[in-house]
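**Student:** As input, take protein-v6.cif (mmCIF, C-alpha atoms and all ligand atoms):
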data_structure
loop_
_atom_site.group_PDB
_atom_site.id
_atom_site.type_symbol
_atom_site.label_atom_id
_atom_site.label_comp_id
_atom_site.auth_asym_id
_atom_site.auth_seq_id
_atom_site.Cartn_x
_atom_site.Cartn_y
_atom_site.Cartn_z
ATOM 1 C CA MET A 14 109.510 156.019 115.220
ATOM 2 C CA LEU A 15 108.817 157.280 118.727
ATOM 3 C CA TYR A 16 111.220 159.984 119.837
ATOM 4 C CA LEU A 17 111.536 160.406 123.603
ATOM 5 C CA ILE A 18 113.059 163.846 124.017
ATOM 6 C CA GLY A 19 114.315 165.553 127.190
ATOM 7 C CA LEU A 20 113.700 169.316 127.295
ATOM 8 C CA GLY A 21 116.151 170.287 130.047
ATOM 9 C CA LEU A 22 115.127 172.469 132.954
ATOM 10 C CA ASN A 23 114.844 176.112 132.078
ATOM 11 C CA ASP A 24 113.217 177.399 128.903
ATOM 12 C CA GLU A 25 112.396 176.477 125.301
ATOM 13 C CA LYS A 26 116.062 176.922 124.313
ATOM 14 C CA ASP A 27 117.339 174.136 126.566
ATOM 15 C CA ILE A 28 116.347 171.457 124.055
ATOM 16 C CA SER A 29 119.288 169.941 122.153
ATOM 17 C CA ILE A 30 119.725 170.637 118.448
ATOM 18 C CA LYS A 31 119.161 166.931 117.870
ATOM 19 C CA GLY A 32 115.894 167.081 119.823
ATOM 20 C CA LEU A 33 114.697 170.128 117.927
ATOM 21 C CA GLU A 34 115.546 168.558 114.555
ATOM 22 C CA ALA A 35 113.591 165.441 115.485
ATOM 23 C CA ILE A 36 110.517 167.474 116.450
ATOM 24 C CA LYS A 37 110.638 169.278 113.111
ATOM 25 C CA PHE A 38 109.873 166.099 111.186
ATOM 26 C CA CYS A 39 107.401 164.587 113.685
ATOM 27 C CA SER A 40 103.730 164.661 112.759
ATOM 28 C CA LYS A 41 102.535 164.837 116.382
ATOM 29 C CA VAL A 42 104.197 166.283 119.466
ATOM 30 C CA PHE A 43 103.107 165.239 122.961
ATOM 31 C CA LEU A 44 104.350 167.020 126.099
ATOM 32 C CA GLU A 45 104.224 165.086 129.377
ATOM 33 C CA SER A 46 102.606 167.635 131.660
ATOM 34 C CA TYR A 47 102.249 166.193 135.146
ATOM 35 C CA THR A 48 105.650 165.395 136.666
ATOM 36 C CA SER A 49 107.631 168.602 136.190
ATOM 37 C CA MET A 50 107.640 171.973 134.453
ATOM 38 C CA LEU A 51 110.153 174.242 132.760
ATOM 39 C CA ASN A 52 111.305 177.196 134.850
ATOM 40 C CA LYS A 53 110.154 179.697 132.279
ATOM 41 C CA ALA A 54 108.551 178.731 129.023
ATOM 42 C CA THR A 55 104.878 178.478 128.217
ATOM 43 C CA LYS A 56 103.298 175.942 125.904
ATOM 44 C CA SER A 57 102.877 178.649 123.263
ATOM 45 C CA GLU A 58 106.565 179.620 123.473
ATOM 46 C CA LEU A 59 107.484 176.001 122.817
ATOM 47 C CA GLU A 60 104.983 175.803 119.956
ATOM 48 C CA LYS A 61 106.424 178.960 118.426
ATOM 49 C CA LEU A 62 109.950 177.539 118.440
ATOM 50 C CA TYR A 63 108.882 174.128 117.135
ATOM 51 C CA GLY A 64 106.412 175.515 114.597
ATOM 52 C CA LYS A 65 104.052 172.756 115.748
ATOM 53 C CA GLU A 66 101.032 172.325 117.950
ATOM 54 C CA ILE A 67 101.711 170.548 121.266
ATOM 55 C CA ILE A 68 99.306 168.022 122.759
ATOM 56 C CA LEU A 69 99.512 167.994 126.573
ATOM 57 C CA ALA A 70 99.787 164.457 127.914
ATOM 58 C CA ASP A 71 98.390 164.028 131.430
ATOM 59 C CA ARG A 72 98.898 161.002 133.674
ATOM 60 C CA THR A 73 95.798 159.228 132.365
ATOM 61 C CA LEU A 74 96.870 159.574 128.737
ATOM 62 C CA VAL A 75 100.421 158.378 129.436
ATOM 63 C CA GLU A 76 99.710 155.605 131.924
ATOM 64 C CA GLN A 77 96.294 154.290 130.916
ATOM 65 C CA GLU A 78 95.666 155.419 127.380
ATOM 66 C CA SER A 79 99.179 155.249 125.941
ATOM 67 C CA ASN A 80 97.811 153.554 122.806
ATOM 68 C CA LYS A 81 96.497 156.968 121.802
ATOM 69 C CA ILE A 82 100.131 158.067 121.650
ATOM 70 C CA LEU A 83 101.720 154.858 120.430
ATOM 71 C CA ASN A 84 99.316 153.954 117.621
ATOM 72 C CA ASN A 85 100.396 157.120 115.803
ATOM 73 C CA ALA A 86 104.026 155.988 116.020
ATOM 74 C CA LYS A 87 103.339 152.766 114.079
ATOM 75 C CA THR A 88 103.128 154.712 110.852
ATOM 76 C CA ASP A 89 104.427 158.202 111.669
ATOM 77 C CA ASP A 90 107.220 159.892 113.579
ATOM 78 C CA ILE A 91 105.930 161.003 116.975
ATOM 79 C CA ALA A 92 107.687 163.077 119.642
ATOM 80 C CA PHE A 93 107.073 162.611 123.355
ATOM 81 C CA LEU A 94 108.659 165.471 125.306
ATOM 82 C CA VAL A 95 109.665 165.271 128.944
ATOM 83 C CA VAL A 96 110.869 168.212 131.045
ATOM 84 C CA GLY A 97 114.352 167.473 132.385
ATOM 85 C CA ASP A 98 115.611 164.116 131.187
ATOM 86 C CA VAL A 99 113.428 161.322 129.833
ATOM 87 C CA PHE A 100 114.338 158.596 132.294
ATOM 88 C CA SER A 101 115.513 160.618 135.314
ATOM 89 C CA ALA A 102 113.413 160.812 138.472
ATOM 90 C CA THR A 103 110.323 159.997 136.452
ATOM 91 C CA THR A 104 110.966 156.798 134.581
ATOM 92 C CA HIS A 105 109.016 156.625 131.387
ATOM 93 C CA THR A 106 110.191 153.043 131.043
ATOM 94 C CA ASP A 107 106.615 151.813 130.789
ATOM 95 C CA LEU A 108 105.935 153.847 127.631
ATOM 96 C CA PHE A 109 109.298 152.748 126.235
ATOM 97 C CA GLN A 110 108.507 149.065 126.830
ATOM 98 C CA ARG A 111 104.984 149.310 125.423
ATOM 99 C CA ALA A 112 106.380 150.876 122.263
ATOM 100 C CA LEU A 113 108.927 148.091 121.850
ATOM 101 C CA LYS A 114 106.212 145.446 122.365
ATOM 102 C CA LYS A 115 104.234 147.034 119.541
ATOM 103 C CA GLY A 116 107.269 146.840 117.288
ATOM 104 C CA ILE A 117 107.742 150.625 117.315
ATOM 105 C CA LYS A 118 111.318 151.869 117.092
ATOM 106 C CA VAL A 119 112.292 154.255 119.882
ATOM 107 C CA GLU A 120 115.023 156.876 119.890
ATOM 108 C CA VAL A 121 115.960 158.635 123.131
ATOM 109 C CA ILE A 122 117.419 162.148 123.111
ATOM 110 C CA ASN A 123 118.719 162.977 126.592
ATOM 111 C CA ASN A 124 118.968 166.274 128.414
ATOM 112 C CA THR A 125 119.801 167.752 131.817
ATOM 113 C CA SER A 126 117.819 166.534 134.799
ATOM 114 C CA VAL A 127 117.255 167.851 138.301
ATOM 115 C CA MET A 128 119.216 164.755 139.283
ATOM 116 C CA ASN A 129 122.465 166.124 137.868
ATOM 117 C CA ALA A 130 121.735 169.858 138.087
ATOM 118 C CA ILE A 131 122.100 169.479 141.874
ATOM 119 C CA GLY A 132 125.823 169.012 141.244
ATOM 120 C CA ILE A 133 126.038 172.811 141.533
ATOM 121 C CA THR A 134 125.584 172.465 145.315
ATOM 122 C CA GLY A 135 129.115 171.073 145.472
ATOM 123 C CA LEU A 136 127.951 167.771 146.927
ATOM 124 C CA GLN A 137 129.509 164.906 145.027
ATOM 125 C CA LEU A 138 126.900 163.172 142.886
ATOM 126 C CA TYR A 139 128.373 159.731 143.489
ATOM 127 C CA LYS A 140 127.859 160.190 147.241
ATOM 128 C CA PHE A 141 124.062 160.421 146.934
ATOM 129 C CA GLY A 142 121.962 157.515 148.154
ATOM 130 C CA LYS A 143 118.393 156.688 147.229
ATOM 131 C CA THR A 144 116.336 159.669 146.018
ATOM 132 C CA THR A 145 113.016 160.188 147.740
ATOM 133 C CA SER A 146 110.007 162.460 147.533
ATOM 134 C CA ILE A 147 107.615 164.155 149.914
ATOM 135 C CA THR A 148 103.970 164.171 148.909
ATOM 136 C CA TYR A 149 100.995 166.089 150.244
ATOM 137 C CA PRO A 150 99.264 163.967 152.880
ATOM 138 C CA GLU A 151 95.924 162.463 151.885
ATOM 139 C CA GLU A 152 93.175 161.234 154.163
ATOM 140 C CA ASN A 153 94.416 158.077 155.887
ATOM 141 C CA PHE A 154 97.667 158.273 153.934
ATOM 142 C CA LYS A 155 100.580 160.109 155.519
ATOM 143 C CA PRO A 156 103.673 158.438 154.117
ATOM 144 C CA GLU A 157 106.909 158.488 156.115
ATOM 145 C CA THR A 158 109.041 157.147 153.286
ATOM 146 C CA ALA A 159 111.201 160.274 152.977
ATOM 147 C CA TYR A 160 112.106 160.096 156.666
ATOM 148 C CA ASP A 161 113.087 156.427 156.339
ATOM 149 C CA VAL A 162 115.161 157.064 153.228
ATOM 150 C CA ILE A 163 117.011 159.972 154.886
ATOM 151 C CA LYS A 164 117.682 157.752 157.898
ATOM 152 C CA MET A 165 118.983 154.889 155.745
ATOM 153 C CA ASN A 166 121.154 157.153 153.567
ATOM 154 C CA LYS A 167 122.617 158.901 156.630
ATOM 155 C CA ALA A 168 123.496 155.546 158.190
ATOM 156 C CA ASN A 169 125.374 154.763 154.975
ATOM 157 C CA LYS A 170 127.029 158.223 154.886
ATOM 158 C CA LEU A 171 125.102 159.146 151.732
ATOM 159 C CA HIS A 172 123.371 162.425 150.839
ATOM 160 C CA THR A 173 119.622 162.430 150.137
ATOM 161 C CA LEU A 174 117.909 164.292 147.304
ATOM 162 C CA VAL A 175 114.293 164.988 148.234
ATOM 163 C CA LEU A 176 111.908 165.849 145.386
ATOM 164 C CA LEU A 177 108.654 167.601 146.193
ATOM 165 C CA ASP A 178 105.090 166.844 145.216
ATOM 166 C CA ILE A 179 103.218 168.326 142.286
ATOM 167 C CA LYS A 180 99.454 168.047 142.493
ATOM 168 C CA MET A 181 97.287 168.457 139.446
ATOM 169 C CA LYS A 182 93.965 170.316 139.428
ATOM 170 C CA GLU A 183 91.887 167.190 139.071
ATOM 171 C CA LYS A 184 93.129 165.734 142.384
ATOM 172 C CA GLY A 185 91.003 168.102 144.441
ATOM 173 C CA PHE A 186 93.511 170.954 144.255
ATOM 174 C CA LYS A 187 92.018 174.103 142.701
ATOM 175 C CA GLU A 188 95.146 174.927 140.734
ATOM 176 C CA ARG A 189 98.272 172.980 139.876
ATOM 177 C CA THR A 190 100.090 173.058 143.223
ATOM 178 C CA PHE A 191 103.802 172.653 143.802
ATOM 179 C CA MET A 192 105.116 171.766 147.237
ATOM 180 C CA ILE A 193 107.690 174.258 148.488
ATOM 181 C CA ILE A 194 110.707 173.681 150.728
ATOM 182 C CA ASN A 195 109.033 175.216 153.815
ATOM 183 C CA GLU A 196 106.120 172.753 153.518
ATOM 184 C CA ALA A 197 108.539 169.866 153.080
ATOM 185 C CA ILE A 198 110.474 170.850 156.240
ATOM 186 C CA LYS A 199 107.190 171.079 158.154
ATOM 187 C CA THR A 200 106.236 167.576 157.002
ATOM 188 C CA LEU A 201 109.631 166.139 158.009
ATOM 189 C CA LYS A 202 109.352 167.810 161.441
ATOM 190 C CA GLU A 203 105.866 166.324 161.931
ATOM 191 C CA ILE A 204 107.169 162.849 161.157
ATOM 192 C CA GLU A 205 110.070 163.428 163.580
ATOM 193 C CA GLN A 206 107.641 164.448 166.294
ATOM 194 C CA LYS A 207 105.814 161.166 165.850
ATOM 195 C CA ARG A 208 108.879 158.933 165.460
ATOM 196 C CA ASN A 209 111.292 160.748 167.786
ATOM 197 C CA GLU A 210 114.379 159.112 166.257
ATOM 198 C CA LYS A 211 116.358 162.398 166.043
ATOM 199 C CA ILE A 212 116.842 162.092 162.275
ATOM 200 C CA ILE A 213 115.409 165.576 161.706
ATOM 201 C CA THR A 214 116.314 168.123 164.382
ATOM 202 C CA SER A 215 116.527 171.918 164.295
ATOM 203 C CA ASN A 216 120.288 171.472 163.708
ATOM 204 C CA THR A 217 119.918 169.105 160.750
ATOM 205 C CA LYS A 218 121.808 170.520 157.766
ATOM 206 C CA LEU A 219 119.904 171.109 154.590
ATOM 207 C CA ILE A 220 120.423 172.632 151.148
ATOM 208 C CA GLY A 221 117.335 174.081 149.501
ATOM 209 C CA CYS A 222 117.316 174.480 145.708
ATOM 210 C CA ALA A 223 114.792 176.496 143.716
ATOM 211 C CA ARG A 224 114.476 176.876 139.932
ATOM 212 C CA LEU A 225 117.714 175.042 139.154
ATOM 213 C CA GLY A 226 119.060 175.798 135.707
ATOM 214 C CA SER A 227 117.572 179.296 135.579
ATOM 215 C CA THR A 228 119.324 182.632 135.952
ATOM 216 C CA ASN A 229 117.365 183.285 139.148
ATOM 217 C CA GLN A 230 117.983 179.926 140.770
ATOM 218 C CA VAL A 231 118.369 179.952 144.551
ATOM 219 C CA ILE A 232 120.645 177.573 146.426
ATOM 220 C CA LYS A 233 120.674 178.154 150.150
ATOM 221 C CA ALA A 234 122.422 176.066 152.788
ATOM 222 C CA GLY A 235 121.831 176.082 156.516
ATOM 223 C CA THR A 236 120.169 174.208 159.317
ATOM 224 C CA ILE A 237 116.470 173.435 159.441
ATOM 225 C CA LYS A 238 116.155 176.217 161.997
ATOM 226 C CA ASP A 239 117.818 178.682 159.577
ATOM 227 C CA LEU A 240 115.802 177.700 156.523
ATOM 228 C CA GLU A 241 112.332 176.678 157.668
ATOM 229 C CA LYS A 242 111.017 180.201 157.130
ATOM 230 C CA TYR A 243 113.323 181.219 154.271
ATOM 231 C CA ASP A 244 111.532 182.443 151.144
ATOM 232 C CA PHE A 245 112.899 180.479 148.164
ATOM 233 C CA GLY A 246 110.501 182.125 145.714
ATOM 234 C CA ASN A 247 108.613 180.435 142.916
ATOM 235 C CA PRO A 248 108.707 176.670 142.332
ATOM 236 C CA LEU A 249 110.090 174.226 141.420
ATOM 237 C CA HIS A 250 111.859 173.393 144.684
ATOM 238 C CA CYS A 251 113.810 170.418 145.940
ATOM 239 C CA LEU A 252 116.054 169.890 148.946
ATOM 240 C CA ILE A 253 119.070 167.906 149.959
ATOM 241 C CA ILE A 254 119.912 166.484 153.360
ATOM 242 C CA PRO A 255 123.679 166.085 153.255
ATOM 243 C CA ALA A 256 125.370 163.277 155.134
ATOM 244 C CA GLU A 257 128.932 163.648 156.420
ATOM 245 C CA MET A 258 130.692 166.036 154.039
ATOM 246 C CA HIS A 259 134.166 166.010 152.543
ATOM 247 C CA PHE A 260 136.024 169.266 153.308
ATOM 248 C CA ILE A 261 135.460 170.599 149.767
ATOM 249 C CA GLU A 262 131.754 169.851 150.131
ATOM 250 C CA GLU A 263 131.859 171.680 153.490
ATOM 251 C CA GLU A 264 133.462 174.693 151.797
ATOM 252 C CA MET A 265 130.671 174.820 149.219
ATOM 253 C CA PHE A 266 128.093 174.421 151.994
ATOM 254 C CA GLU A 267 129.620 177.443 153.763
ATOM 255 C CA HIS A 268 129.570 179.354 150.454
ATOM 256 C CA TYR A 269 125.824 178.751 150.077
ATOM 257 C CA LYS A 270 125.180 179.666 153.726
ATOM 258 C CA LYS A 271 126.079 183.330 153.093
HETATM 259 C C1 LIG A 301 109.721 164.035 138.905
HETATM 260 S S1 LIG A 301 110.960 165.168 139.187
HETATM 261 C C2 LIG A 301 111.642 165.704 137.668
HETATM 262 C C3 LIG A 301 111.912 164.731 136.649
HETATM 263 C C4 LIG A 301 112.460 165.328 135.375
HETATM 264 N N1 LIG A 301 112.212 164.394 134.302
HETATM 265 C C5 LIG A 301 113.953 165.638 135.440
HETATM 266 O O1 LIG A 301 114.739 164.855 134.854
HETATM 267 O O2 LIG A 301 114.356 166.653 136.034
HETATM 268 C C6 LIG A 301 110.071 166.601 139.582
HETATM 269 C C7 LIG A 301 110.535 167.205 140.862
HETATM 270 O O3 LIG A 301 111.923 167.494 140.790
HETATM 271 C C8 LIG A 301 112.196 168.734 141.388
HETATM 272 N N2 LIG A 301 112.666 169.647 140.325
HETATM 273 C C9 LIG A 301 112.529 169.481 138.991
HETATM 274 N N3 LIG A 301 113.095 170.498 138.321
HETATM 275 C C10 LIG A 301 113.598 171.335 139.258
HETATM 276 C C11 LIG A 301 114.311 172.573 139.202
HETATM 277 N N4 LIG A 301 114.588 173.148 138.032
HETATM 278 N N5 LIG A 301 114.695 173.139 140.371
HETATM 279 C C12 LIG A 301 114.420 172.561 141.566
HETATM 280 N N6 LIG A 301 113.744 171.402 141.670
HETATM 281 C C13 LIG A 301 113.342 170.793 140.547
HETATM 282 C C14 LIG A 301 110.907 169.230 142.037
HETATM 283 O O4 LIG A 301 110.886 168.787 143.374
HETATM 284 C C15 LIG A 301 109.867 168.534 141.173
HETATM 285 O O5 LIG A 301 108.644 168.373 141.837
#
Give the structure from this file in structure tokens form.
Ligand SMILES: C[S@@+](CC[C@H](N)C(=O)[O-])C[C@H]1O[C@@H](n2cnc3c(N)ncnc32)[C@H](O)[C@@H]1O
**Tutor:**
Amino acid sequence: MLYLIGLGLNDEKDISIKGLEAIKFCSKVFLESYTSMLNKATKSELEKLYGKEIILADRTLVEQESNKILNNAKTDDIAFLVVGDVFSATTHTDLFQRALKKGIKVEVINNTSVMNAIGITGLQLYKFGKTTSITYPEENFKPETAYDVIKMNKANKLHTLVLLDIKMKEKGFKERTFMIINEAIKTLKEIEQKRNEKIITSNTKLIGCARLGSTNQVIKAGTIKDLEKYDFGNPLHCLIIPAEMHFIEEEMFEHYKK
């Protein structure tokens, strides 16, 4: 059996009892290590709770060498842990499908994701449009996707959740690097300067969220002008560009402006 287990957002204790029980009888435990991270738990804290060694699974192992994970699951119970929820924002559908094709049974144990934790902003989750992400520009590759998605969602009166890039060491970054809200705003302003479609102006409303699910989470609402220099503290960060708001959403926006 392959167990796909969501870990939630904050620390080692966010796992469900069901998830923890499954890990206890698994012979190998993989932790997907490249698309997110817990707010505050180290690998060794997780290992201590599970009483098991954790094997970190990078992008290459998951996307190109998944047999190294799946072949174990033909005969043994294997756990594949994902920070947040298993299929939210990062879809591990590929691993799921490959397992099924190999005749391996899969059980999914869900958990909280950034995609529902943002409900705390007061914006109604069913009024969000397509989620997008902002990545660090690479040579000859400066994507404008986020700008286009914000534009499309706004036209449809839908809020936009913008997730921010995580770069791993091996991609030319010295350390694992997490994009912060200030960098994301700068990128959106640069695209605006080029496109000049008035989608992102200094008066554009924004809600910045840092370390959602932790006791020191920060949720701050304001305009781009108000927030472009605001210090949100340690990652992870994401931001929301609200569309037209219902009056209760407006009230919550005002609450987070203070
Ligand atoms: C690929 S998504 C996360 C997917 C994860 N499986 C989940 O369900 O939450 C990773 C991005 O989401 C955002 N994110 C994740 N956790 C967060 C948190 N606790 N607070 C703020 N942003 C977060 C960051 O922008 C981060 O780079």
**Student:** Applying 8 Å and all atoms listed in the file, which residues near Val96 of chain A remain after dropping the ones on its own chain fewer than 6 positions away? List them as a short mmCIF file (atom, residue, chain, number, x, y, z; two decimals) with C-alpha atoms, keeping the file's coordinate frame.
**Tutor:**
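Here's the written file out_1.cif:
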data_model
loop_
_atom_site.label_atom_id
_atom_site.label_comp_id
_atom_site.auth_asym_id
_atom_site.auth_seq_id
_atom_site.Cartn_x
_atom_site.Cartn_y
_atom_site.Cartn_z
CA GLY A 19 114.32 165.55 127.19
CA LEU A 20 113.70 169.32 127.30
CA GLY A 21 116.15 170.29 130.05
CA LEU A 22 115.13 172.47 132.95
CA GLU A 45 104.22 165.09 129.38
CA SER A 49 107.63 168.60 136.19
CA MET A 50 107.64 171.97 134.45
CA LEU A 51 110.15 174.24 132.76
#
**Student:** Padding 6 Å on every side, please: axis-aligned box over the listed atoms of ligand LIG 301 (chain A), centre and edge lengths to one decimal in Å, as AutoDock Vina command-line options.
**Tutor:**
--center_x 111.7 --center_y 168.6 --center_z 138.8 --size_x 18.1 --size_y 21.1 --size_z 21.1
**Student:** Take the PyMOL selection byres (((chain A and resi 216-221) around 6) and not hetatm), apply it to the structure above, and return the hits as a PyMOL selection string.
**Tutor:** chain A and resi 213-215+222+232-237+252-254
**Student:** Write a file of the just-selected residues containing C-alpha atoms, as a PDB file, keeping the file's coordinate frame.
**Tutor:**
ATOM      1  CA  ILE A 213     115.409 165.576 161.706  1.00  0.00           C
ATOM      2  CA  THR A 214     116.314 168.123 164.382  1.00  0.00           C
ATOM      3  CA  SER A 215     116.527 171.918 164.295  1.00  0.00           C
ATOM      4  CA  CYS A 222     117.316 174.480 145.708  1.00  0.00           C
ATOM      5  CA  ILE A 232     120.645 177.573 146.426  1.00  0.00           C
ATOM      6  CA  LYS A 233     120.674 178.154 150.150  1.00  0.00           C
ATOM      7  CA  ALA A 234     122.422 176.066 152.788  1.00  0.00           C
ATOM      8  CA  GLY A 235     121.831 176.082 156.516  1.00  0.00           C
ATOM      9  CA  THR A 236     120.169 174.208 159.317  1.00  0.00           C
ATOM     10  CA  ILE A 237     116.470 173.435 159.441  1.00  0.00           C
ATOM     11  CA  LEU A 252     116.054 169.890 148.946  1.00  0.00           C
ATOM     12  CA  ILE A 253     119.070 167.906 149.959  1.00  0.00           C
ATOM     13  CA  ILE A 254     119.912 166.484 153.360  1.00  0.00           C
TER      14      ILE A 254
END
**Student:** Using all atoms listed in the file, determine which residues lie at most 9 Å from Ile212 of chain A, disregarding the query and same-chain residues fewer than 2 positions distant; provide the list as a list in words.
**Tutor:**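 The residues that qualify are Tyr160, Ile163, Lys164, Lys167, Glu205, Asn209, Glu210, Thr214 and Thr217 of chain A.
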**Student:** Identify all residues satisfying the PyMOL selection byres (((chain A and resi 34-38) around 9) and not hetatm) in the given file; provide them as a list in words.
**Tutor:**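 Taken over the shown coordinates, the PyMOL selection byres (((chain A and resi 34-38) around 9) and not hetatm) returns Tyr16, Ile18, Ser29, Ile30, Lys31, Gly32, Leu33, Cys39, Ser40, Lys41, Val42, Tyr63, Gly64, Lys65, Asp90, Ile91 and Ala92 of chain A.
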**Student:** Set out as a tab-separated table a contact list for chain A and ligand LIG 301 (chain A) with a cut-off of 9 Å, giving each residue of chain A that qualifies its closest atom pair and distance in Å to one decimal, counting all atoms listed in the file, ordered by chain and rising residue number.
**Tutor:**
residue	atom	partner	partner_atom	distance
A:Gly19	CA	A:LIG301	N1	7.5
A:Leu20	CA	A:LIG301	N1	8.7
A:Gly21	CA	A:LIG301	O2	7.2
A:Leu22	CA	A:LIG301	N4	5.2
A:Asn23	CA	A:LIG301	N4	6.7
A:Tyr47	CA	A:LIG301	C1	8.6
A:Thr48	CA	A:LIG301	C1	4.8
A:Ser49	CA	A:LIG301	C6	4.6
A:Met50	CA	A:LIG301	N3	6.8
A:Leu51	CA	A:LIG301	N4	7.0
A:Asn52	CA	A:LIG301	N4	6.1
A:Val95	CA	A:LIG301	N1	6.0
A:Val96	CA	A:LIG301	N1	5.2
A:Gly97	CA	A:LIG301	C5	3.6
A:Asp98	CA	A:LIG301	O1	3.8
A:Val99	CA	A:LIG301	N1	5.6
A:Phe100	CA	A:LIG301	N1	6.5
A:Ser101	CA	A:LIG301	O1	4.3
A:Ala102	CA	A:LIG301	C3	4.6
A:Thr103	CA	A:LIG301	C1	4.8
A:Thr104	CA	A:LIG301	N1	7.7
A:His105	CA	A:LIG301	N1	8.9
A:Asn124	CA	A:LIG301	O1	7.8
A:Thr125	CA	A:LIG301	O1	6.6
A:Ser126	CA	A:LIG301	O1	3.5
A:Val127	CA	A:LIG301	O2	3.9
A:Met128	CA	A:LIG301	O2	6.1
A:Asn129	CA	A:LIG301	O2	8.3
A:Ala130	CA	A:LIG301	N4	7.9
A:Ile131	CA	A:LIG301	C12	8.3
A:Ser146	CA	A:LIG301	O4	7.6
A:Ile147	CA	A:LIG301	O4	8.7
A:Val175	CA	A:LIG301	O4	7.0
A:Leu176	CA	A:LIG301	O4	3.7
A:Leu177	CA	A:LIG301	O4	3.8
A:Asp178	CA	A:LIG301	O5	5.1
A:Ile179	CA	A:LIG301	O5	5.4
A:Phe191	CA	A:LIG301	O5	6.8
A:Met192	CA	A:LIG301	O5	7.3
A:Ile193	CA	A:LIG301	O4	8.1
A:Ile194	CA	A:LIG301	O4	8.8
A:Gly221	CA	A:LIG301	C12	8.6
A:Cys222	CA	A:LIG301	C12	5.4
A:Ala223	CA	A:LIG301	C12	4.5
A:Arg224	CA	A:LIG301	N5	3.8
A:Leu225	CA	A:LIG301	N5	3.8
A:Gly226	CA	A:LIG301	N4	5.7
A:Ser227	CA	A:LIG301	N4	7.3
A:Gln230	CA	A:LIG301	N5	7.6
A:Val231	CA	A:LIG301	N5	8.8
A:Pro248	CA	A:LIG301	C12	7.1
A:Leu249	CA	A:LIG301	N6	4.6
A:His250	CA	A:LIG301	N6	4.1
A:Cys251	CA	A:LIG301	O4	4.2
A:Leu252	CA	A:LIG301	O4	7.7
**Student:** Give me, please, the distance in Å between atom CA of Glu241 of chain A and atom CA of Thr200 of chain A, quoted to one decimal.
**Tutor:**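 Atom-to-atom, atom CA of Glu241 of chain A to atom CA of Thr200 of chain A, that is 11.0 Å.
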**Student:** Take the PyMOL selection byres (((chain A and resi 136) around 10) and not hetatm), run it mentally on this structure, and tell me the resulting residues as a list of chain:residue names.
**Tutor:**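 This file gives the following for the PyMOL selection byres (((chain A and resi 136) around 10) and not hetatm): A:Ile131, A:Gly132, A:Ile133, A:Thr134, A:Gly135, A:Gln137, A:Leu138, A:Tyr139, A:Lys140, A:Phe141, A:His172, A:Ile220, A:Ile253, A:Pro255, A:Ala256, A:Met258, A:His259, A:Ile261, A:Glu262, A:Glu263, A:Met265, A:Phe266.
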**Student:** How would the residues just chosen look if you wrote them out with C-alpha atoms as a PDB file, keeping the file's coordinate frame?
**Tutor:**
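Wrote result19.pdb, looks like this:
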ATOM      1  CA  ILE A 131     122.100 169.479 141.874  1.00  0.00           C
ATOM      2  CA  GLY A 132     125.823 169.012 141.244  1.00  0.00           C
ATOM      3  CA  ILE A 133     126.038 172.811 141.533  1.00  0.00           C
ATOM      4  CA  THR A 134     125.584 172.465 145.315  1.00  0.00           C
ATOM      5  CA  GLY A 135     129.115 171.073 145.472  1.00  0.00           C
ATOM      6  CA  GLN A 137     129.509 164.906 145.027  1.00  0.00           C
ATOM      7  CA  LEU A 138     126.900 163.172 142.886  1.00  0.00           C
ATOM      8  CA  TYR A 139     128.373 159.731 143.489  1.00  0.00           C
ATOM      9  CA  LYS A 140     127.859 160.190 147.241  1.00  0.00           C
ATOM     10  CA  PHE A 141     124.062 160.421 146.934  1.00  0.00           C
ATOM     11  CA  HIS A 172     123.371 162.425 150.839  1.00  0.00           C
ATOM     12  CA  ILE A 220     120.423 172.632 151.148  1.00  0.00           C
ATOM     13  CA  ILE A 253     119.070 167.906 149.959  1.00  0.00           C
ATOM     14  CA  PRO A 255     123.679 166.085 153.255  1.00  0.00           C
ATOM     15  CA  ALA A 256     125.370 163.277 155.134  1.00  0.00           C
ATOM     16  CA  MET A 258     130.692 166.036 154.039  1.00  0.00           C
ATOM     17  CA  HIS A 259     134.166 166.010 152.543  1.00  0.00           C
ATOM     18  CA  ILE A 261     135.460 170.599 149.767  1.00  0.00           C
ATOM     19  CA  GLU A 262     131.754 169.851 150.131  1.00  0.00           C
ATOM     20  CA  GLU A 263     131.859 171.680 153.490  1.00  0.00           C
ATOM     21  CA  MET A 265     130.671 174.820 149.219  1.00  0.00           C
ATOM     22  CA  PHE A 266     128.093 174.421 151.994  1.00  0.00           C
TER      23      PHE A 266
END
**Student:** Can you work out the spacing between atom CA of Ser79 of chain A and atom CA of Glu120 of chain A in Å, to one decimal?
**Tutor:**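 So the answer is 17.0 Å.
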